[in-house]
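Just run.tsv here, TSV, C-alpha atoms:
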```
chain	number	residue	atom	x	y	z
A	1	MET	CA	-62.42	174.04	126.29
A	2	THR	CA	-65.30	172.06	127.76
A	3	GLN	CA	-64.80	168.47	128.91
A	4	ALA	CA	-63.94	166.18	126.01
A	5	ARG	CA	-66.72	163.86	124.93
A	6	SER	CA	-66.66	160.55	123.12
A	7	ILE	CA	-68.69	161.11	119.95
A	8	ALA	CA	-69.94	158.77	117.25
A	9	PHE	CA	-70.55	160.71	114.04
A	10	ILE	CA	-72.74	158.91	111.49
A	11	GLY	CA	-72.76	160.43	107.99
A	12	LEU	CA	-69.59	162.08	106.67
A	13	GLY	CA	-70.86	163.84	103.56
A	14	ILE	CA	-70.35	167.40	102.32
A	15	MET	CA	-71.56	168.75	105.67
A	16	GLY	CA	-70.82	165.89	108.04
A	17	LEU	CA	-67.11	165.47	107.37
A	18	PRO	CA	-66.10	169.08	108.15
A	19	MET	CA	-68.40	169.09	111.18
A	20	ALA	CA	-66.82	165.89	112.54
A	21	THR	CA	-63.37	167.28	111.77
A	22	ASN	CA	-64.09	170.44	113.76
A	23	LEU	CA	-65.12	168.30	116.74
A	24	VAL	CA	-61.81	166.40	116.51
A	25	ARG	CA	-59.88	169.66	116.35
A	26	ALA	CA	-61.74	170.89	119.43
A	27	GLY	CA	-60.32	167.96	121.39
A	28	HIS	CA	-63.24	165.52	121.33
A	29	ARG	CA	-62.81	161.80	120.62
A	30	VAL	CA	-64.72	161.17	117.39
A	31	SER	CA	-65.47	157.83	115.74
A	32	GLY	CA	-66.81	158.30	112.22
A	33	TYR	CA	-68.90	156.03	110.03
A	34	ASN	CA	-70.16	156.52	106.48
A	35	LEU	CA	-71.61	154.24	103.81
A	36	THR	CA	-68.61	154.95	101.58
A	37	PRO	CA	-65.09	154.55	103.02
A	38	GLU	CA	-63.21	157.56	101.66
A	39	PRO	CA	-64.64	160.15	104.10
A	40	ILE	CA	-63.96	157.79	107.01
A	41	GLN	CA	-60.29	157.71	106.07
A	42	LYS	CA	-60.22	161.50	105.74
A	43	LEU	CA	-61.58	161.84	109.25
A	44	ALA	CA	-59.02	159.33	110.52
A	45	ALA	CA	-56.27	161.41	108.90
A	46	GLU	CA	-57.47	164.35	110.99
A	47	GLY	CA	-57.23	162.34	114.20
A	48	GLY	CA	-60.64	160.68	114.35
A	49	ARG	CA	-61.25	156.94	114.56
A	50	ALA	CA	-62.38	154.98	111.53
A	51	ALA	CA	-65.43	152.89	112.46
A	52	THR	CA	-66.46	149.84	110.47
A	53	SER	CA	-70.18	150.03	111.28
A	54	ILE	CA	-72.72	152.03	113.26
A	55	ALA	CA	-72.39	149.52	116.10
A	56	ASP	CA	-68.62	149.99	116.09
A	57	ALA	CA	-68.93	153.79	115.99
A	58	VAL	CA	-71.32	154.07	118.94
A	59	ARG	CA	-69.47	151.62	121.19
A	60	GLY	CA	-68.36	153.59	124.24
A	61	ALA	CA	-69.72	156.90	122.89
A	62	ASP	CA	-71.61	159.20	125.26
A	63	THR	CA	-72.88	161.23	122.27
A	64	VAL	CA	-74.12	160.14	118.85
A	65	ILE	CA	-74.58	162.61	115.98
A	66	THR	CA	-76.30	161.67	112.73
A	67	MET	CA	-75.96	163.76	109.58
A	68	VAL	CA	-77.58	161.88	106.68
A	69	PRO	CA	-79.57	162.96	103.61
A	70	ASP	CA	-83.27	162.25	104.25
A	71	SER	CA	-85.97	160.97	106.60
A	72	PRO	CA	-85.65	157.28	105.57
A	73	ASP	CA	-81.88	157.48	106.13
A	74	VAL	CA	-82.40	158.80	109.66
A	75	GLU	CA	-84.96	156.08	110.40
A	76	ALA	CA	-82.52	153.44	109.13
A	77	ALA	CA	-79.56	154.87	111.06
A	78	LEU	CA	-81.46	155.13	114.34
A	79	LEU	CA	-84.18	152.46	114.28
A	80	ALA	CA	-82.80	149.52	112.27
A	81	GLU	CA	-81.54	146.34	113.91
A	82	ASP	CA	-77.98	147.43	113.17
A	83	GLY	CA	-78.73	151.06	114.06
A	84	VAL	CA	-77.94	153.49	116.83
A	85	TYR	CA	-80.77	152.64	119.23
A	86	ALA	CA	-79.89	148.95	119.13
A	87	HIS	CA	-76.23	149.48	119.99
A	88	ALA	CA	-75.65	152.87	121.68
A	89	GLU	CA	-74.60	153.13	125.29
A	90	PRO	CA	-77.50	153.42	127.79
A	91	GLY	CA	-78.60	157.02	128.30
A	92	ALA	CA	-76.52	158.35	125.40
A	93	LEU	CA	-77.18	161.79	123.98
A	94	VAL	CA	-78.46	161.34	120.40
A	95	ILE	CA	-78.45	164.40	118.13
A	96	ASP	CA	-79.87	164.20	114.63
A	97	MET	CA	-78.49	167.11	112.60
A	98	SER	CA	-79.98	165.98	109.28
A	99	THR	CA	-82.83	167.86	107.60
A	100	ILE	CA	-85.94	165.67	107.73
A	101	ARG	CA	-89.71	165.84	108.14
A	102	PRO	CA	-90.85	167.25	111.50
A	103	ASP	CA	-93.18	164.30	112.08
A	104	VAL	CA	-90.31	161.85	111.57
A	105	ALA	CA	-88.18	163.85	114.01
A	106	ARG	CA	-90.92	163.55	116.62
A	107	ALA	CA	-91.32	159.83	115.96
A	108	VAL	CA	-87.62	158.96	116.25
A	109	ALA	CA	-87.33	161.12	119.37
A	110	ALA	CA	-90.25	159.27	120.96
A	111	ALA	CA	-88.68	155.92	120.04
A	112	GLY	CA	-85.38	157.03	121.53
A	113	HIS	CA	-86.98	158.27	124.74
A	114	GLU	CA	-88.66	154.89	125.19
A	115	LYS	CA	-85.21	153.28	125.15
A	116	GLY	CA	-83.78	155.80	127.61
A	117	PHE	CA	-81.86	157.98	125.15
A	118	ARG	CA	-81.86	161.77	125.27
A	119	VAL	CA	-82.74	162.91	121.74
A	120	LEU	CA	-82.49	166.29	120.01
A	121	ASP	CA	-83.30	167.31	116.44
A	122	ALA	CA	-80.74	169.93	115.45
A	123	PRO	CA	-80.70	170.70	111.71
A	124	VAL	CA	-78.26	173.29	110.47
A	125	SER	CA	-78.03	176.10	107.95
A	126	GLY	CA	-74.93	177.60	106.38
A	127	GLY	CA	-73.97	175.12	103.68
A	128	GLU	CA	-70.56	173.57	103.15
A	129	ALA	CA	-68.77	176.86	103.85
A	130	GLY	CA	-70.57	177.24	107.16
A	131	ALA	CA	-69.68	173.67	108.12
A	132	ILE	CA	-65.99	174.16	107.26
A	133	GLU	CA	-65.78	177.54	109.01
A	134	ALA	CA	-67.85	176.37	112.02
A	135	LYS	CA	-70.33	179.16	111.39
A	136	LEU	CA	-73.51	177.11	111.15
A	137	SER	CA	-76.88	178.23	112.43
A	138	ILE	CA	-78.30	175.36	114.50
A	139	MET	CA	-82.02	175.14	115.28
A	140	VAL	CA	-82.69	172.69	118.07
A	141	GLY	CA	-85.83	170.83	119.16
A	142	GLY	CA	-86.11	168.78	122.34
A	143	ASP	CA	-85.82	169.05	126.11
A	144	PRO	CA	-84.22	172.39	127.14
A	145	GLU	CA	-82.03	170.68	129.75
A	146	VAL	CA	-80.67	168.30	127.11
A	147	PHE	CA	-80.05	171.29	124.83
A	148	ALA	CA	-78.05	172.95	127.61
A	149	GLU	CA	-75.87	169.83	127.88
A	150	ALA	CA	-75.32	169.73	124.11
A	151	GLU	CA	-74.77	173.46	123.62
A	152	PRO	CA	-70.96	173.35	124.08
A	153	LEU	CA	-70.80	170.89	121.17
A	154	PHE	CA	-73.03	173.10	119.08
A	155	ARG	CA	-70.70	176.03	119.83
A	156	VAL	CA	-67.87	174.05	118.22
A	157	LEU	CA	-69.94	173.61	115.06
A	158	GLY	CA	-71.66	176.96	114.71
A	159	THR	CA	-72.20	180.48	115.92
A	160	THR	CA	-75.96	180.43	116.42
A	161	PRO	CA	-77.30	177.40	118.30
A	162	VAL	CA	-80.85	178.19	119.45
A	163	HIS	CA	-83.37	176.04	121.29
A	164	VAL	CA	-86.64	176.59	119.41
A	165	GLY	CA	-89.07	174.21	121.12
A	166	PRO	CA	-89.95	170.54	121.70
A	167	SER	CA	-88.99	167.59	119.50
A	168	GLY	CA	-89.65	168.38	115.84
A	169	ALA	CA	-89.45	172.15	116.33
A	170	GLY	CA	-85.89	172.27	115.01
A	171	GLN	CA	-87.01	170.59	111.79
A	172	THR	CA	-89.98	172.95	111.47
A	173	VAL	CA	-87.69	175.98	111.74
A	174	LYS	CA	-85.29	174.38	109.24
A	175	ALA	CA	-88.17	173.94	106.78
A	176	ALA	CA	-88.88	177.66	107.12
A	177	ASN	CA	-85.18	178.35	106.59
A	178	GLN	CA	-85.14	176.36	103.35
A	179	LEU	CA	-88.23	178.21	102.17
A	180	ILE	CA	-86.51	181.57	102.71
A	181	VAL	CA	-83.20	180.44	101.18
A	182	ALA	CA	-84.83	179.10	98.01
A	183	GLY	CA	-86.87	182.27	97.57
A	184	ASN	CA	-83.80	184.43	98.16
A	185	ILE	CA	-81.71	182.51	95.63
A	186	GLN	CA	-84.51	182.75	93.08
A	187	LEU	CA	-84.76	186.53	93.45
A	188	VAL	CA	-80.97	187.00	93.32
A	189	ALA	CA	-80.95	184.95	90.11
A	190	GLU	CA	-83.73	187.08	88.62
A	191	ALA	CA	-81.94	190.29	89.62
A	192	LEU	CA	-78.65	189.10	88.13
A	193	VAL	CA	-80.18	188.14	84.78
A	194	PHE	CA	-82.06	191.46	84.80
A	195	LEU	CA	-78.82	193.42	85.38
A	196	GLU	CA	-77.02	191.49	82.64
A	197	ALA	CA	-79.80	192.14	80.16
A	198	HIS	CA	-79.34	195.88	80.69
A	199	GLY	CA	-75.55	195.78	80.38
A	200	VAL	CA	-74.81	196.61	84.00
A	201	ASP	CA	-71.45	195.79	85.59
A	202	THR	CA	-72.82	192.93	87.69
A	203	GLU	CA	-69.88	192.82	90.11
A	204	ALA	CA	-70.52	196.44	91.03
A	205	GLY	CA	-74.27	195.99	90.91
A	206	LEU	CA	-74.33	193.06	93.33
A	207	LYS	CA	-71.85	194.82	95.62
A	208	VAL	CA	-74.05	197.86	96.09
A	209	LEU	CA	-77.19	195.74	96.42
A	210	ASN	CA	-75.53	193.72	99.16
A	211	GLY	CA	-74.80	196.91	101.08
A	212	GLY	CA	-78.44	197.85	101.48
A	213	LEU	CA	-81.73	196.29	102.48
A	214	ALA	CA	-81.43	193.79	99.61
A	215	GLY	CA	-78.23	192.42	101.14
A	216	SER	CA	-78.18	188.78	102.22
A	217	THR	CA	-75.98	185.81	103.00
A	218	VAL	CA	-77.03	184.42	99.62
A	219	LEU	CA	-75.56	187.45	97.87
A	220	THR	CA	-72.40	187.24	99.99
A	221	ARG	CA	-71.79	183.52	99.54
A	222	LYS	CA	-73.33	182.84	96.13
A	223	GLY	CA	-73.22	186.08	94.14
A	224	ASP	CA	-69.81	185.73	92.51
A	225	ALA	CA	-70.35	182.07	91.64
A	226	MET	CA	-73.73	182.88	90.11
A	227	ARG	CA	-72.14	185.64	88.02
A	228	ALA	CA	-69.57	183.09	86.78
A	229	ARG	CA	-72.17	180.30	86.36
A	230	GLY	CA	-70.11	178.23	88.80
A	231	PHE	CA	-72.52	175.74	90.31
A	232	GLU	CA	-70.16	173.40	92.19
A	233	PRO	CA	-72.32	172.02	94.98
A	234	GLY	CA	-72.22	173.50	98.43
A	235	PHE	CA	-75.82	172.36	98.78
A	236	ARG	CA	-77.22	170.24	95.98
A	237	ILE	CA	-80.45	170.88	94.09
A	238	ALA	CA	-81.53	167.31	94.85
A	239	LEU	CA	-81.39	167.97	98.59
A	240	HIS	CA	-83.14	171.31	98.32
A	241	ASP	CA	-85.85	169.61	96.27
A	242	LYS	CA	-86.33	167.17	99.16
A	243	ASP	CA	-86.47	170.10	101.61
A	244	MET	CA	-89.03	172.00	99.54
A	245	LYS	CA	-91.24	168.92	99.51
A	246	ILE	CA	-90.99	168.89	103.30
A	247	VAL	CA	-92.04	172.53	103.65
A	248	THR	CA	-94.83	172.42	101.07
A	249	THR	CA	-96.28	169.26	102.64
A	250	ALA	CA	-96.04	170.65	106.17
A	251	ALA	CA	-97.63	173.93	105.06
A	252	ARG	CA	-100.48	172.13	103.35
A	253	GLU	CA	-101.12	169.99	106.43
A	254	ALA	CA	-101.25	173.13	108.59
A	255	GLY	CA	-103.49	175.00	106.15
A	256	VAL	CA	-100.83	177.63	105.48
A	257	ALA	CA	-100.55	179.29	102.05
A	258	ILE	CA	-97.01	179.66	100.66
A	259	PRO	CA	-97.69	180.79	97.08
A	260	LEU	CA	-94.20	182.11	96.33
A	261	GLY	CA	-92.55	179.16	98.02
A	262	ALA	CA	-94.70	176.71	96.10
A	263	LEU	CA	-93.63	178.30	92.81
A	264	VAL	CA	-89.94	178.16	93.70
A	265	ALA	CA	-90.43	174.55	94.80
A	266	GLN	CA	-91.63	173.79	91.26
A	267	PHE	CA	-88.53	175.47	89.81
A	268	VAL	CA	-86.25	173.43	92.09
A	269	GLY	CA	-88.10	170.26	91.09
A	270	ALA	CA	-87.83	171.16	87.42
A	271	LEU	CA	-84.06	171.57	87.68
A	272	LYS	CA	-83.77	168.15	89.29
A	273	ALA	CA	-85.97	166.64	86.56
A	274	GLN	CA	-83.70	168.19	83.93
A	275	GLY	CA	-80.77	166.27	85.40
A	276	HIS	CA	-79.25	169.11	87.43
A	277	GLY	CA	-79.79	167.56	90.87
A	278	GLY	CA	-76.05	167.47	91.52
A	279	LEU	CA	-75.56	171.20	91.00
A	280	ASP	CA	-75.58	173.81	93.73
A	281	HIS	CA	-79.00	175.29	94.50
A	282	SER	CA	-77.81	178.60	93.08
A	283	ALA	CA	-78.35	176.89	89.71
A	284	LEU	CA	-81.91	178.21	90.00
A	285	LEU	CA	-80.39	180.86	87.74
A	286	LYS	CA	-80.71	178.33	84.91
A	287	ILE	CA	-84.50	178.42	85.20
A	288	VAL	CA	-84.50	182.22	84.97
A	289	GLU	CA	-82.37	182.05	81.81
A	290	GLN	CA	-84.65	179.39	80.31
A	291	LEU	CA	-87.72	181.56	80.90
A	292	SER	CA	-86.12	184.80	79.70
A	293	THR	CA	-86.32	186.10	76.16
A	294	LYS	CA	-83.18	187.92	75.13
A	295	GLU	CA	-83.38	190.49	72.35
A	296	GLY	CA	-80.58	190.15	69.87
```

Using the file provided, produce a representation of the structure as structure tokens.
Amino acid sequence: MTQARSIAFIGLGIMGLPMATNLVRAGHRVSGYNLTPEPIQKLAAEGGRAATSIADAVRGADTVITMVPDSPDVEAALLAEDGVYAHAEPGALVIDMSTIRPDVARAVAAAGHEKGFRVLDAPVSGGEAGAIEAKLSIMVGGDPEVFAEAEPLFRVLGTTPVHVGPSGAGQTVKAANQLIVAGNIQLVAEALVFLEAHGVDTEAGLKVLNGGLAGSTVLTRKGDAMRARGFEPGFRIALHDKDMKIVTTAAREAGVAIPLGALVAQFVGALKAQGHGGLDHSALLKIVEQLSTKEG
């Protein structure tokens, strides 16, 4: 066990609450704050401290972690008058683990550096299950020496913390991750509907596919639920829609063509527009069914 740290954890949602809980269980002192009170009380029940505001959470904390939905939420949490930068201890380590635009990550890091904070962008992949099981992949942008200091905390939260470059690089890699994940889910959905149309035992079919080159974490974690049309959110369509907007915008700005990704981004956006934003992103299967013509 590394030396215990005093951590303020801002944002106790589907991902944030289990991550904060794992830090408590690892022996760290964690003060949690969220816009709604129920997750704060759940963290307190696990041994964390219930904070009444961001200012209250960061008081005395040597480390601040934010895990909120989108770029404006990060800007509000860090930059607002009642935010982290206005109230955190001098020289605190600030780690944003949200998924946001790379340019916003660079901007909030620069603002933090000006105030003497050490700032990392460290988005994660692995969904709710990865957060609960502490098996997240963590892609980190910022100063390598600051990453080295934070790495023991990352090891509590995941199995693959990797420093990928300067500020904003973590968010760029996360955008690429979301591009791959969406494309993978789309192809698994197409394969599943294809197997069903031909009367194949889909449990057996997906099992053998997952044992070869077509195998993936998506098949392992999502396959059975997709077969059962169980779309309880581990990662919501609404959030993946936000992430696909990030990657398509960043690709366009860099002059990079992502034709398959752009198509899947439209499918994700269509699902959200249909009112399915609260479903798991594996609900991309619904689009495949809508586009398919079944003989009968």

Gap from atom CA of A:Glu75 to atom CA of A:Ala129 - Å, one decimal: 27.1 Å

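The residue that comes closest to A:Glu203, out of A:Ala8, A:Ala45, A:Ala265, A:Ala225 and on the basis of only C-alpha atoms, is A:Ala225.
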
Give me the stretch 107-166 of chain A side of the contact with stretch 236-258 of chain A, cut-off 12 Å, one line per residue showing its nearest atom pair and distance in Å at one decimal, counting all atoms listed in the file, sorted by chain and residue number, as a tab-separated table.
```
residue	atom	partner	partner_atom	distance
A:Pro123	CA	A:Asp243	CA	11.6
A:Ser125	CA	A:His240	CA	11.9
A:Gly127	CA	A:Arg236	CA	9.7
A:Glu128	CA	A:Arg236	CA	10.3
```

Taking 3 positions as the minimum chain separation for residues in the same chain, which residues sit within 6 Å of A:Phe117 when counting only C-alpha atoms? Answer as a PyMOL selection string. chain A and resi 91-92+112-113

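The nearest approach to A:Val268 among the residues A:Leu179, A:Thr293, A:Leu12, A:His198, with all atoms listed in the file taken into account, belongs to A:Leu179.
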
Could you give me, as CSV, a per-residue list for stretch 209-239 of chain A showing, wherever an atom lies at most 9 Å from an atom of stretch 181-189 of chain A, the closest pair of atoms and their distance in Å to one decimal, using all atoms listed in the file and sorting by chain then residue number from low to high?
```
residue,atom,partner,partner_atom,distance
A:Ser216,CA,A:Asn184,CA,8.2
A:Val218,CA,A:Ile185,CA,6.4
A:Leu219,CA,A:Val188,CA,7.1
A:Lys222,CA,A:Ile185,CA,8.4
A:Gly223,CA,A:Val188,CA,7.8
A:Met226,CA,A:Ala189,CA,7.5
```

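Atom pair atom CA of A:Val24 / atom CA of A:Pro39 has a distance of 14.2 Å (rounded to one decimal).
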
Do a neighbour search on A:Ile40 at 9 Å with all atoms listed in the file, toss out local chain neighbours closer than 2 positions, and write the hits as a list of chain:residue names. A:Leu12, A:Leu17, A:Ser31, A:Gly32, A:Tyr33, A:Asn34, A:Thr36, A:Pro37, A:Glu38, A:Lys42, A:Leu43, A:Ala44, A:Ala45, A:Gly48, A:Arg49, A:Ala50, A:Ala51

Just how far from atom CA of A:Ala169 is atom CA of A:Pro102, in Å to one decimal? 7.0 Å

Would you pick out the contacts of A:Ala86 at 12 Å or less, using only C-alpha atoms, so that residues sharing its chain but fewer than 5 positions from it are not included, and give the list as a list in words? Ile54, Ala55, Asp56, Val58, Arg59, Ala76, Ala77, Leu78, Leu79, Ala80, Glu81, Ala92, Ala111, Gly112, Lys115, Gly116 and Phe117 of chain A

Atoms kept (C-alpha atoms) for selection, written as a compact mmCIF listing (two decimals), keeping the file's coordinate frame:
```txt
# COMPACT_ATOMS: atom_id res chain seq x y z
CA ILE A 54 -72.72 152.03 113.26
CA ALA A 55 -72.39 149.52 116.10
CA ASP A 56 -68.62 149.99 116.09
CA VAL A 58 -71.32 154.07 118.94
CA ARG A 59 -69.47 151.62 121.19
CA ALA A 76 -82.52 153.44 109.13
CA ALA A 77 -79.56 154.87 111.06
CA LEU A 78 -81.46 155.13 114.34
CA LEU A 79 -84.18 152.46 114.28
CA ALA A 80 -82.80 149.52 112.27
CA GLU A 81 -81.54 146.34 113.91
CA ALA A 92 -76.52 158.35 125.40
CA ALA A 111 -88.68 155.92 120.04
CA GLY A 112 -85.38 157.03 121.53
CA LYS A 115 -85.21 153.28 125.15
CA GLY A 116 -83.78 155.80 127.61
CA PHE A 117 -81.86 157.98 125.15
```

Can you work out which one of A:Val84, A:Ala131, A:Leu153, A:Val162 has the shortest atom-to-atom distance to A:Pro18, counting all atoms listed in the file? A:Ala131

For the point (-85.7, 171.9, 82.6) in file coordinates, what residues are within 12 Å, counting all atoms listed in the file? Give the answer as an mmCIF file with C-alpha atoms, keeping the file's coordinate frame?
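Full text of point_16.cif as output:
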```
data_model
loop_
_atom_site.group_PDB
_atom_site.id
_atom_site.type_symbol
_atom_site.label_atom_id
_atom_site.label_comp_id
_atom_site.auth_asym_id
_atom_site.auth_seq_id
_atom_site.Cartn_x
_atom_site.Cartn_y
_atom_site.Cartn_z
ATOM 1 C CA GLN A 266 -91.630 173.790 91.260
ATOM 2 C CA PHE A 267 -88.530 175.470 89.810
ATOM 3 C CA VAL A 268 -86.250 173.430 92.090
ATOM 4 C CA GLY A 269 -88.100 170.260 91.090
ATOM 5 C CA ALA A 270 -87.830 171.160 87.420
ATOM 6 C CA LEU A 271 -84.060 171.570 87.680
ATOM 7 C CA LYS A 272 -83.770 168.150 89.290
ATOM 8 C CA ALA A 273 -85.970 166.640 86.560
ATOM 9 C CA GLN A 274 -83.700 168.190 83.930
ATOM 10 C CA GLY A 275 -80.770 166.270 85.400
ATOM 11 C CA HIS A 276 -79.250 169.110 87.430
ATOM 12 C CA GLY A 277 -79.790 167.560 90.870
ATOM 13 C CA ALA A 283 -78.350 176.890 89.710
ATOM 14 C CA LEU A 284 -81.910 178.210 90.000
ATOM 15 C CA LEU A 285 -80.390 180.860 87.740
ATOM 16 C CA LYS A 286 -80.710 178.330 84.910
ATOM 17 C CA ILE A 287 -84.500 178.420 85.200
ATOM 18 C CA VAL A 288 -84.500 182.220 84.970
ATOM 19 C CA GLU A 289 -82.370 182.050 81.810
ATOM 20 C CA GLN A 290 -84.650 179.390 80.310
ATOM 21 C CA LEU A 291 -87.720 181.560 80.900
#
```

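Closest to A:Gly158 among A:Glu133, A:Asp62, A:Glu46, A:Asp82 is A:Glu133, based on all atoms listed in the file.
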
Draw an axis-aligned box tight on the listed atoms of stretch 146-160 of chain A, then pad every side by 8 Å and write out centre and edge lengths in Å to one decimal as AutoDock Vina command-line options.
```
--center_x -74.3 --center_y 174.4 --center_z 121.3 --size_x 28.8 --size_y 28.2 --size_z 29.2
```

Can you list, as a list of chain:residue names, every protein, DNA or RNA residue that comes within 9 Å of A:Asp103 when you count only C-alpha atoms, leaving out same-chain residues fewer than 3 positions away? A:Ile100, A:Arg106, A:Ala107, A:Val108, A:Gly168, A:Gln171

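Distance annotation: of A:Gly199, A:Gly142, A:Gly212, A:Pro161, the residue with the minimal separation from A:Val94 is A:Gly142; atom set is only C-alpha atoms.
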
Quick one: everything within 10 Å of A:Thr220, counting all atoms listed in the file, minus sequence neighbours fewer than 5 positions away in the same chain. Send it as a VMD selection string. chain A and resid 206 to 207 210 215

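Nearest to A:Glu196 of all the residues A:Val173, A:Val264, A:Ser292, A:Val124 is A:Ser292, counting only C-alpha atoms.
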